[in-house]
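Take a look at the structure set out below.
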Amino acid sequence: MSAMDQQMITLTVNGENREVSVAPRKLLVDVLREDCRLTGTHVGCEHGVCGACTVQVDGRPLRACLTYAIQMEGHEVLTIESVAANGKLSPLQQALHEEHGLQCGFCTPGIVMTFEAFLRQNPAPTEDEVREALSGNLCRCTGYQNIVKAILKAATQIRLDSGYVAS
Amino acid sequence: MSLPEFHSIGKALPRKEDYRLLTGHGCYIDDLEVPGALHACFVRSPHAHARILAFDVKLALAMPGVVAVVTGEDLAQWTTRARMAPPIEGLQPMEMDTLPIDKVRFQGDPVACVIATDRYLAEDAMEQVRVDYEPLPAVTDMWQALDPTAPCVDETLSSNLVSHQHAVHGDPKGRQRDAHRVVERTFAMHRQTHLPIETRGCIAIWDEGRSHLTFHVGTQVPHPYRTTLAGRLRLSESQVTVISQDVGGGFGQKIVLYREELTVAAMARHLKRPIRWREDRLENLLSSSQAREDFCRTRAAVDAQGRLLSLELEILEDFGAYSFYPGNYLARVVAMILTGPYKVQDYSYDVRVVLSNKVGNGPMRAPMAITSWLMEGTLDAVARELELDPLEVRRINMLHAHELPYRMATGEVLADITPRETLEAAVAAIGYQAFRTRQQEARARGVYLGLGICTVVESTTYGSQFYKAAGIAGSGHEAAWLRIEPTGVVNASVGLGATGQGYETSLAHAVAEGLGVSTDRVRIYLGHTDIAPYGMGSRGARGGTAGGGTLYLCAQEAQDKVLSIAGKLLGIAELNALRLRDSRVEQMIDGAWVATTVSLADVARIAYLDPTHLPDGVSPGLEFHKTYDPPPMTYSNSTHVCEIEVDAATGAIHFGRYVVAEDCGTVLSPVVVEGQQHGAIAMGLSGTLFEHVVYDETGQNLSGSLADYLLATADDLPHIEILSMHTPNRATPGGIKGMAEGGVMGAIGALTNAVSDALSCLGVEVNRQPLTPMYLRGLIRQAAHSSTKTAS
């Protein structure tokens, strides 16, 4: 069997099982976009630097351009389409909207997926911690300042919503 | 000057475009599903300069899924050549094939196109296309390009000097003879690229039955793009529709019709099947447009107080291999506006632009980016040589308010700008004198702090008069339509092409203001040539003044008609006593506006559904169209002040505070304007510190990935403090000036001047970018070495 022969695999994407026929060499990002028709995950560099294609796999951020879809069997994949599935923006998305944390929007889904996970791990980050984590996502429009502001605002909101108490 | 009173303009409302972009429901080129679409992939030259001898496509054609492989000769049958020959003195005309036929001119030059059923298969086949080349010596630096024995990049030209302009205003040489000192400096800016996070791409859909092409592409200029695309396919403009939906950044890279896009369009028509193309990042870095790469020299004649007597400028620019724009297009603006806010009438410039075996240049956010560094770096050098305070040297030369409007030596007229105000505000905010004290104390501890000042006068909106005077094809006017629908909601459109600026929001403010509705009643349509009126698109910083201004005027005409209908309904003849506000007609009674019983929806219903009740002579419907030509040029101004520390042991730069005072007149949306300020400054800092398209001496591009071509990340950039000023331009609708490029200009100058300031006590002055640790460490080491030698 070659890397070009189609194979049936089952992916769990946004909580839904999907049977797709893919070549083993097909990237996760291409399968999400083309076979699952979830085009919110963007392709910016195809070599793992820009972060636009970031999705969550088992709750952790992952570059969908550096992963073959066939490796994802048995894992839970979450894409940007899962975040405001009920039509209501998450606190992070809402803060990005209020603080003008996006312009062209191409890098935005990757940033949302990175920081939905980050804020679960670190609900009370400092600005330096946010900037360091954000350094894995390239944005050409905003200069990052309003993204940082939005993430810190979202963190505050999430802590309020969850009754978080600093340990 | 006080601001006119606005109701909607200037309101800080969040953006209308955000919801779809935040939730993954935007629609960029690659998100469009087109059943049965084939995929294009380009075979690119591995050589910087080589003759094309032969193609062998047999192997590729036999690969699975491959539908066609075509070369420049095939495409020459279906398309016309591009010709760049505006009537500009000193500019050599150039022509370009759709794909090169005889020779390639840079590494990455596309030579053949593979069409297959799948992108993966197209790329497989691309590797099997055999091309025989005869490599030629390459031109890889601008001085080599000028050498009469250098290889000719374009053999139809008499030399690699594609453009040369020279002008003398007054007597700069004569003033040098009388001067206390003539201060000469050089400034070198490196090659960079726009790097939108969404690369280029397109989808061509040919409708054989209607003989019509629908072309999806991310473009800043939908209508001029359509005119070019139709012309080169020998189609009429009514046979081509260009659609540009969400675009992941442009910054000047998405203006021209690229050869790859024309190829995809021609192939879709030839094969009668839809074809799509998306370049990958390697292709974007190797073959999309690039920018900058200038070497400049200034010569300032000054008196003992640092007062400028005359200024000379020389620019040498490396333009790359092809003329996608006229050769003088980028550098001439630098020469035209160099002196900015400073008084000097004896001025000369000499601008030479050469071809090389690199990617062809295009305008990148602030094509005149180097301008402010040149001017402010020169003033800093004057201060250093004369042992004066650099702030005082600026003050002594800067225009006063009473000297405006001021005709610069080049004939450009500055009006309604406030450089003294931004300068004083920025240095006050940073605490200039206190910084100097801290700087001295730090130096005593071996810590090198620096402060850089850069005042920017940004050319923003270019009117038709400017273009005609400059000999540039095209126009500076803009067009808009506005339709109040029967229920009173408002649709409007303008010829701009959005690439992330937030036009759907800022332009809605202009419409809301002119008409008298709230912004949530307004929807802006952009980027579709069958829907939008024929406009000149987005380039420079014209969106606000040209786009917003035209819509504002159009909306005011719409309000006039609404009020004339409302007047009849209310039985009020004095229409000046009526206005529309939040979709409700109001009447002035005893000096106060009072709501009437008539709403915009009432008026719209009558205009569309009951036109027999319209006033005499008023036509049915509420549809409006307007064109507007801005003044020849509008200017915004700003002052950037940047504090840094240079680690003398490593050459690393650490940011302290970054303050910018900016006066860009009336702003449609302060939210959008602030975002543009941040983004522009970030682009300037990133370019000054990191970004570098590197070619080796054989013309191989060494910066083909984002691990090589470095973009500033969130932990590299400072927090930006903004002081906003709003002096309206008296010649534009609502006083709008435009902005969004000045931040790049100011950041480049402020940061570089700060580094020279930090290291001045070591006798180090930087004169080229990027400001890498290796470069700074080298200068520091060299300075230490020569001072040791002097001491011994």
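Chain labels run A, B, ... following the order of the structure tokens; each chain numbers its residues from 1, and ligands are numbered from 1 in the order shown.
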Contacts of Glu33 (chain B) within 12 Å, only C-alpha atoms, excl. fewer than 2 positions in-chain, as a VMD selection string: (chain A and resid 33 to 35 37 to 39) or (chain B and resid 27 to 31 35 to 38 203 205 216 274 to 276)
Write to file, as a short mmCIF file (atom, residue, chain, number, x, y, z; two decimals), in the first residue's frame, the residues of the selection just made, with C-alpha atoms.
data_model
loop_
_atom_site.label_atom_id
_atom_site.label_comp_id
_atom_site.auth_asym_id
_atom_site.auth_seq_id
_atom_site.Cartn_x
_atom_site.Cartn_y
_atom_site.Cartn_z
CA ARG A 33 -11.17 21.55 5.45
CA GLU A 34 -11.93 19.42 2.42
CA ASP A 35 -13.44 16.18 3.69
CA ARG A 37 -15.93 20.81 5.26
CA LEU A 38 -14.76 22.67 8.34
CA THR A 39 -12.99 25.58 6.70
CA CYS B 27 -14.93 33.05 3.50
CA TYR B 28 -11.38 33.23 2.21
CA ILE B 29 -10.43 31.94 -1.24
CA ASP B 30 -9.67 28.42 -0.12
CA ASP B 31 -12.94 28.15 1.80
CA PRO B 35 -17.56 21.27 -7.55
CA GLY B 36 -15.22 19.65 -10.03
CA ALA B 37 -12.49 22.23 -9.67
CA LEU B 38 -9.04 21.27 -10.90
CA ILE B 203 -10.39 30.31 -8.48
CA ILE B 205 -14.79 29.52 -13.30
CA HIS B 216 -12.35 34.71 -7.15
CA PRO B 274 -13.01 25.48 -13.03
CA ILE B 275 -9.45 25.70 -11.73
CA ARG B 276 -8.15 26.80 -8.35
#
Extract, using only C-alpha atoms, all DNA, RNA and protein residues at most 8 Å from Asp629 (chain B), discarding same-chain residues fewer than 5 positions from it, and format them as a list in words.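 With the cut-off at 8 Å, the set is Gly463, Ser464, Gly476, His477, Glu478 and Ala546 of chain B.
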Those residues you just picked out, can you put them in a file as a compact mmCIF listing (two decimals), in the first residue's frame with C-alpha atoms?
# COMPACT_ATOMS: atom_id res chain seq x y z
CA GLY B 463 -6.18 62.53 -5.92
CA SER B 464 -6.36 62.37 -9.71
CA GLY B 476 -7.52 58.91 -7.62
CA HIS B 477 -11.27 59.29 -7.56
CA GLU B 478 -13.67 56.88 -5.89
CA ALA B 546 -11.62 58.50 -0.86
Would you kindly return, as number ranges by chain, each protein, DNA or RNA residue with an atom no farther than 9 Å from any atom of Thr12 (chain A), considering only C-alpha atoms and excluding same-chain residues fewer than 3 positions away? A: 15-19, 72-78
Among region 290-381 of chain B, which ones does DSSP assign to strand (DSSP E or B) (computed from the backbone)? Answer as JSON, numbers by chain. {"B": [290, 291, 292, 293, 294, 295, 296, 297, 298, 299, 300, 301, 302, 308, 309, 310, 311, 312, 313, 314, 315, 316, 317, 318, 342, 347, 348, 349, 350, 351, 352, 353, 354, 361]}
Just the selected residues (C-alpha atoms), exported as a PDB file, in the first residue's frame, please.
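Dumped everything to out13.pdb:
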ATOM      1  CA  GLN B 290       8.894  41.958  -2.435  1.00  0.00           C
ATOM      2  CA  ALA B 291       9.808  45.469  -1.420  1.00  0.00           C
ATOM      3  CA  ARG B 292      12.251  48.028   0.006  1.00  0.00           C
ATOM      4  CA  GLU B 293      16.005  47.442  -0.609  1.00  0.00           C
ATOM      5  CA  ASP B 294      17.243  50.992  -0.981  1.00  0.00           C
ATOM      6  CA  PHE B 295      20.590  52.614  -0.461  1.00  0.00           C
ATOM      7  CA  CYS B 296      20.325  56.337   0.234  1.00  0.00           C
ATOM      8  CA  ARG B 297      22.648  59.229   0.905  1.00  0.00           C
ATOM      9  CA  THR B 298      21.707  62.602   2.353  1.00  0.00           C
ATOM     10  CA  ARG B 299      23.846  65.723   2.462  1.00  0.00           C
ATOM     11  CA  ALA B 300      22.576  68.426   4.795  1.00  0.00           C
ATOM     12  CA  ALA B 301      24.107  71.895   4.763  1.00  0.00           C
ATOM     13  CA  VAL B 302      23.493  73.557   8.146  1.00  0.00           C
ATOM     14  CA  LEU B 308      18.966  73.383   7.455  1.00  0.00           C
ATOM     15  CA  LEU B 309      20.224  75.466   4.540  1.00  0.00           C
ATOM     16  CA  SER B 310      19.945  72.803   1.905  1.00  0.00           C
ATOM     17  CA  LEU B 311      19.464  69.100   1.484  1.00  0.00           C
ATOM     18  CA  GLU B 312      20.556  66.624  -1.169  1.00  0.00           C
ATOM     19  CA  LEU B 313      19.197  63.117  -1.545  1.00  0.00           C
ATOM     20  CA  GLU B 314      20.422  60.175  -3.582  1.00  0.00           C
ATOM     21  CA  ILE B 315      18.453  56.944  -3.783  1.00  0.00           C
ATOM     22  CA  LEU B 316      19.502  53.709  -5.401  1.00  0.00           C
ATOM     23  CA  GLU B 317      16.806  51.040  -5.348  1.00  0.00           C
ATOM     24  CA  ASP B 318      16.941  47.367  -6.296  1.00  0.00           C
ATOM     25  CA  TYR B 342      10.974  70.859   7.973  1.00  0.00           C
ATOM     26  CA  TYR B 347      16.715  70.651  -2.262  1.00  0.00           C
ATOM     27  CA  SER B 348      17.787  68.182  -4.904  1.00  0.00           C
ATOM     28  CA  TYR B 349      17.243  64.518  -5.490  1.00  0.00           C
ATOM     29  CA  ASP B 350      18.640  61.845  -7.703  1.00  0.00           C
ATOM     30  CA  VAL B 351      16.692  58.597  -7.866  1.00  0.00           C
ATOM     31  CA  ARG B 352      18.067  55.589  -9.684  1.00  0.00           C
ATOM     32  CA  VAL B 353      16.229  52.283  -9.852  1.00  0.00           C
ATOM     33  CA  VAL B 354      17.937  49.166 -11.147  1.00  0.00           C
ATOM     34  CA  ASN B 361       9.123  44.855  -6.283  1.00  0.00           C
TER      35      ASN B 361
END
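The space between CA of His625 (chain B) and CA of Lys561 (chain B) spans 12.8 Å.
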In Å, with one decimal, what is the gap from CA of Gly105 (chain A) to CA of Leu330 (chain B)? 28.5 Å
Tell me the residues of chain A close to chain B, meaning within 8 Å using only C-alpha atoms, as an mmCIF file with N, CA and C atoms, in the first residue's frame.
data_model
loop_
_atom_site.group_PDB
_atom_site.id
_atom_site.type_symbol
_atom_site.label_atom_id
_atom_site.label_comp_id
_atom_site.auth_asym_id
_atom_site.auth_seq_id
_atom_site.Cartn_x
_atom_site.Cartn_y
_atom_site.Cartn_z
ATOM 1 N N ARG A 33 -10.627 20.516 6.338
ATOM 2 C CA ARG A 33 -11.169 21.546 5.454
ATOM 3 C C ARG A 33 -11.933 20.955 4.274
ATOM 4 N N THR A 39 -14.006 24.713 7.302
ATOM 5 C CA THR A 39 -12.987 25.578 6.701
ATOM 6 C C THR A 39 -12.514 26.686 7.644
ATOM 7 N N GLY A 40 -12.941 26.635 8.889
ATOM 8 C CA GLY A 40 -12.478 27.641 9.838
ATOM 9 C C GLY A 40 -11.017 27.478 10.225
ATOM 10 N N THR A 41 -10.496 26.271 10.085
ATOM 11 C CA THR A 41 -9.077 26.029 10.370
ATOM 12 C C THR A 41 -8.272 26.434 9.134
ATOM 13 N N VAL A 43 -4.858 27.550 6.692
ATOM 14 C CA VAL A 43 -3.516 27.111 6.347
ATOM 15 C C VAL A 43 -2.682 28.348 6.028
ATOM 16 N N GLY A 44 -1.684 28.630 6.862
ATOM 17 C CA GLY A 44 -0.896 29.832 6.645
ATOM 18 C C GLY A 44 0.521 29.580 6.173
ATOM 19 N N CYS A 45 1.105 28.433 6.594
ATOM 20 C CA CYS A 45 2.505 28.227 6.190
ATOM 21 C C CYS A 45 2.813 26.788 5.830
ATOM 22 N N GLU A 46 2.035 25.860 6.299
ATOM 23 C CA GLU A 46 2.277 24.434 6.033
ATOM 24 C C GLU A 46 3.633 23.956 6.524
ATOM 25 N N HIS A 47 4.261 24.725 7.436
ATOM 26 C CA HIS A 47 5.456 24.158 8.064
ATOM 27 C C HIS A 47 5.521 24.443 9.561
ATOM 28 N N VAL A 49 4.953 26.972 11.607
ATOM 29 C CA VAL A 49 5.436 28.183 12.266
ATOM 30 C C VAL A 49 4.304 29.159 12.599
ATOM 31 N N CYS A 50 3.379 29.376 11.673
ATOM 32 C CA CYS A 50 2.468 30.520 11.836
ATOM 33 C C CYS A 50 1.350 30.265 12.841
ATOM 34 N N ILE A 80 -12.278 25.259 15.450
ATOM 35 C CA ILE A 80 -12.881 26.544 15.799
ATOM 36 C C ILE A 80 -14.415 26.484 15.733
ATOM 37 N N GLU A 81 -14.938 25.634 14.856
ATOM 38 C CA GLU A 81 -16.397 25.570 14.706
ATOM 39 C C GLU A 81 -17.074 25.049 15.980
ATOM 40 N N VAL A 83 -16.373 26.107 19.025
ATOM 41 C CA VAL A 83 -16.255 27.023 20.151
ATOM 42 C C VAL A 83 -17.542 27.810 20.431
ATOM 43 N N ALA A 84 -18.165 28.328 19.406
ATOM 44 C CA ALA A 84 -19.421 29.049 19.639
ATOM 45 C C ALA A 84 -20.544 28.300 18.935
ATOM 46 N N LEU A 89 -20.772 33.654 21.464
ATOM 47 C CA LEU A 89 -19.314 33.719 21.521
ATOM 48 C C LEU A 89 -18.824 33.297 22.901
ATOM 49 N N GLN A 93 -13.655 34.765 22.664
ATOM 50 C CA GLN A 93 -14.090 35.364 21.391
ATOM 51 C C GLN A 93 -14.736 36.728 21.630
ATOM 52 N N HIS A 97 -13.511 40.411 20.258
ATOM 53 C CA HIS A 97 -14.428 41.323 19.563
ATOM 54 C C HIS A 97 -14.423 42.701 20.234
ATOM 55 N N GLU A 98 -14.554 42.714 21.540
ATOM 56 C CA GLU A 98 -14.660 44.000 22.255
ATOM 57 C C GLU A 98 -13.353 44.785 22.220
ATOM 58 N N GLU A 99 -12.220 44.090 22.228
ATOM 59 C CA GLU A 99 -10.923 44.779 22.282
ATOM 60 C C GLU A 99 -10.271 44.926 20.910
ATOM 61 N N HIS A 100 -10.990 44.651 19.854
ATOM 62 C CA HIS A 100 -10.465 44.728 18.481
ATOM 63 C C HIS A 100 -9.194 43.896 18.357
ATOM 64 N N LEU A 102 -8.693 41.411 16.403
ATOM 65 C CA LEU A 102 -8.522 40.745 15.100
ATOM 66 C C LEU A 102 -8.746 41.771 14.009
ATOM 67 N N GLN A 103 -8.048 41.586 12.903
ATOM 68 C CA GLN A 103 -8.297 42.458 11.752
ATOM 69 C C GLN A 103 -8.699 41.605 10.554
ATOM 70 N N CYS A 104 -7.723 41.055 9.817
ATOM 71 C CA CYS A 104 -8.134 40.241 8.661
ATOM 72 C C CYS A 104 -8.758 38.932 9.100
ATOM 73 N N GLY A 105 -8.445 38.480 10.302
ATOM 74 C CA GLY A 105 -9.117 37.307 10.856
ATOM 75 C C GLY A 105 -8.526 35.969 10.446
ATOM 76 N N PHE A 106 -7.507 35.978 9.612
ATOM 77 C CA PHE A 106 -6.994 34.701 9.104
ATOM 78 C C PHE A 106 -6.271 33.913 10.192
ATOM 79 N N CYS A 107 -5.562 34.611 11.076
ATOM 80 C CA CYS A 107 -4.839 33.916 12.151
ATOM 81 C C CYS A 107 -5.741 33.639 13.353
ATOM 82 N N THR A 108 -6.924 34.268 13.375
ATOM 83 C CA THR A 108 -7.761 34.285 14.575
ATOM 84 C C THR A 108 -8.196 32.895 15.065
ATOM 85 N N PRO A 109 -8.686 32.007 14.186
ATOM 86 C CA PRO A 109 -9.093 30.691 14.709
ATOM 87 C C PRO A 109 -7.957 29.959 15.430
ATOM 88 N N VAL A 112 -7.626 31.539 18.848
ATOM 89 C CA VAL A 112 -8.727 31.137 19.734
ATOM 90 C C VAL A 112 -8.490 29.712 20.236
ATOM 91 N N ASP A 128 3.181 38.815 30.557
ATOM 92 C CA ASP A 128 4.353 38.161 29.979
ATOM 93 C C ASP A 128 4.058 36.722 29.584
ATOM 94 N N ARG A 131 2.023 36.830 26.423
ATOM 95 C CA ARG A 131 2.847 37.170 25.258
ATOM 96 C C ARG A 131 3.729 35.990 24.855
ATOM 97 N N GLU A 132 4.255 35.290 25.833
ATOM 98 C CA GLU A 132 5.108 34.149 25.504
ATOM 99 C C GLU A 132 4.308 33.055 24.801
ATOM 100 N N LEU A 134 1.562 33.445 23.169
ATOM 101 C CA LEU A 134 1.080 33.965 21.889
ATOM 102 C C LEU A 134 2.187 34.005 20.838
ATOM 103 N N SER A 135 3.428 33.882 21.277
ATOM 104 C CA SER A 135 4.534 33.959 20.314
ATOM 105 C C SER A 135 4.525 32.777 19.346
ATOM 106 N N GLY A 136 3.677 31.783 19.594
ATOM 107 C CA GLY A 136 3.538 30.676 18.643
ATOM 108 C C GLY A 136 2.513 30.931 17.560
ATOM 109 N N ASN A 137 1.901 32.092 17.574
ATOM 110 C CA ASN A 137 0.922 32.434 16.544
ATOM 111 C C ASN A 137 1.329 33.750 15.886
ATOM 112 N N LEU A 138 1.502 33.732 14.577
ATOM 113 C CA LEU A 138 1.879 34.961 13.875
ATOM 114 C C LEU A 138 0.633 35.730 13.454
ATOM 115 N N CYS A 139 0.698 37.037 13.677
ATOM 116 C CA CYS A 139 -0.369 37.920 13.207
ATOM 117 C C CYS A 139 0.313 39.083 12.505
ATOM 118 N N ARG A 140 -0.111 39.404 11.301
ATOM 119 C CA ARG A 140 0.524 40.464 10.532
ATOM 120 C C ARG A 140 -0.230 41.787 10.663
ATOM 121 N N CYS A 141 -1.453 41.744 11.198
ATOM 122 C CA CYS A 141 -2.291 42.945 11.182
ATOM 123 C C CYS A 141 -2.241 43.754 12.472
ATOM 124 N N THR A 142 -2.267 43.096 13.617
ATOM 125 C CA THR A 142 -2.652 43.794 14.853
ATOM 126 C C THR A 142 -1.496 44.285 15.710
ATOM 127 N N GLY A 143 -0.283 43.790 15.481
ATOM 128 C CA GLY A 143 0.801 44.119 16.410
ATOM 129 C C GLY A 143 0.607 43.453 17.764
ATOM 130 N N TYR A 144 -0.374 42.554 17.860
ATOM 131 C CA TYR A 144 -0.629 41.683 19.028
ATOM 132 C C TYR A 144 -1.197 42.393 20.260
ATOM 133 N N GLN A 145 -1.064 43.714 20.336
ATOM 134 C CA GLN A 145 -1.375 44.406 21.587
ATOM 135 C C GLN A 145 -2.820 44.160 22.039
ATOM 136 N N ASN A 146 -3.758 44.289 21.089
ATOM 137 C CA ASN A 146 -5.162 44.105 21.470
ATOM 138 C C ASN A 146 -5.516 42.637 21.668
#
I'd like to know which residues of region 527-597 of chain B are alpha helix (DSSP H) (by DSSP, run on the backbone); could you write them as a list in words?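 Listing alpha helix (DSSP H) positions across region 527-597 of chain B yields Gly549, Thr550, Leu551, Tyr552, Leu553, Cys554, Ala555, Gln556, Glu557, Ala558, Gln559, Asp560, Lys561, Val562, Leu563, Ser564, Ile565, Ala566, Gly567, Lys568, Leu569 and Leu570 of chain B.
With only C-alpha atoms as the basis for measurement, A:Ile70 is the residue among A:Val55, A:Arg25, A:Ala64, A:Ile70 that approaches Thr10 (chain A) most closely.
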Grab the CA of Gln440 (chain B) to CA of Glu645 (chain B) distance for me, in Å with one decimal place.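 Between CA of Gln440 (chain B) and CA of Glu645 (chain B) the gap works out to 12.8 Å.
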Excluding Cys664 (chain B) and any residue of its chain fewer than 2 positions from it, enumerate the residues within 7 Å of it, using only C-alpha atoms, and give them as a VMD selection string. chain B and resid 636 to 637 662 666 725 to 726 737 to 739
May I have the residues within 8 Å of Ala366 (chain B) as an NGL selection string, using only C-alpha atoms and disregarding those fewer than 5 positions away in the same chain? :B and (540 or 741-742 or 744-745)
Near-region 419-422 of chain B list (9 Å; only C-alpha atoms; drop same-chain fewer than 4 positions) as a list in words: Pro341, Arg395, Met398, Leu399, His400, Ala401, Ala426, Val427, Thr455, Val456, Val457, Asn637, Ser638, Thr639, His640, Val660, Ala661, Glu662, Asp663, Leu723 and Met725 of chain B
Prev. selection, N, CA and C atoms, output as a short mmCIF file (atom, residue, chain, number, x, y, z; two decimals), in the first residue's frame:
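Saved file result34.cif follows:
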data_model
loop_
_atom_site.label_atom_id
_atom_site.label_comp_id
_atom_site.auth_asym_id
_atom_site.auth_seq_id
_atom_site.Cartn_x
_atom_site.Cartn_y
_atom_site.Cartn_z
N PRO B 341 8.07 67.87 7.59
CA PRO B 341 7.63 69.05 8.34
C PRO B 341 8.73 70.10 8.49
N ARG B 395 13.25 71.31 16.58
CA ARG B 395 12.43 72.50 16.85
C ARG B 395 12.83 73.68 15.96
N MET B 398 11.49 73.08 12.31
CA MET B 398 10.12 72.61 12.04
C MET B 398 9.18 73.76 11.71
N LEU B 399 8.25 73.48 10.79
CA LEU B 399 7.23 74.45 10.40
C LEU B 399 6.39 74.87 11.60
N HIS B 400 6.03 76.17 11.62
CA HIS B 400 5.06 76.65 12.59
C HIS B 400 3.68 76.66 11.96
N ALA B 401 2.67 76.64 12.81
CA ALA B 401 1.28 76.64 12.32
C ALA B 401 1.03 77.81 11.38
N ALA B 426 4.51 64.19 22.29
CA ALA B 426 5.19 62.90 22.45
C ALA B 426 6.39 63.02 23.39
N VAL B 427 7.18 64.09 23.23
CA VAL B 427 8.36 64.20 24.11
C VAL B 427 7.94 64.52 25.54
N THR B 455 9.45 62.20 13.53
CA THR B 455 8.21 62.86 13.13
C THR B 455 7.91 62.51 11.68
N VAL B 456 6.66 62.17 11.45
CA VAL B 456 6.25 61.66 10.15
C VAL B 456 5.22 62.60 9.54
N VAL B 457 5.42 62.93 8.28
CA VAL B 457 4.34 63.54 7.51
C VAL B 457 4.00 62.51 6.43
N ASN B 637 -0.05 63.47 10.17
CA ASN B 637 1.28 63.58 10.77
C ASN B 637 1.30 62.93 12.14
N SER B 638 2.51 62.58 12.55
CA SER B 638 2.66 61.92 13.85
C SER B 638 4.10 62.07 14.32
N THR B 639 4.30 61.88 15.62
CA THR B 639 5.66 61.79 16.16
C THR B 639 5.77 60.53 16.99
N HIS B 640 6.78 59.75 16.68
CA HIS B 640 7.04 58.51 17.42
C HIS B 640 8.26 58.72 18.31
N VAL B 660 3.44 57.29 20.68
CA VAL B 660 3.19 57.95 19.40
C VAL B 660 2.05 58.94 19.56
N ALA B 661 2.30 60.17 19.11
CA ALA B 661 1.22 61.16 19.02
C ALA B 661 0.87 61.28 17.55
N GLU B 662 -0.39 61.04 17.22
CA GLU B 662 -0.77 61.03 15.80
C GLU B 662 -1.98 61.90 15.57
N ASP B 663 -1.90 62.71 14.53
CA ASP B 663 -3.02 63.55 14.11
C ASP B 663 -3.44 63.11 12.72
N LEU B 723 -1.26 58.86 21.66
CA LEU B 723 -1.91 60.14 21.95
C LEU B 723 -2.62 60.57 20.67
N MET B 725 -4.82 62.90 18.15
CA MET B 725 -5.19 64.28 17.85
C MET B 725 -6.04 64.28 16.59
#
Who sits within 8 Å of Phe55 (chain B), only C-alpha atoms, same chain under 5 positions skipped, as a tab-separated table (two decimals) with N, CA and C atoms, in the first residue's frame:
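Okay, this is what ended up in out22.tsv:
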chain	number	residue	atom	x	y	z
B	129	VAL	N	8.15	17.47	-14.23
B	129	VAL	CA	8.34	18.31	-15.42
B	129	VAL	C	9.84	18.59	-15.55
B	130	ARG	N	10.40	18.24	-16.69
B	130	ARG	CA	11.84	18.46	-16.91
B	130	ARG	C	12.03	19.74	-17.72
B	131	VAL	N	12.87	20.62	-17.21
B	131	VAL	CA	13.18	21.84	-17.94
B	131	VAL	C	14.70	21.91	-18.10
B	132	ASP	N	15.14	22.10	-19.34
B	132	ASP	CA	16.58	22.29	-19.58
B	132	ASP	C	16.87	23.78	-19.57
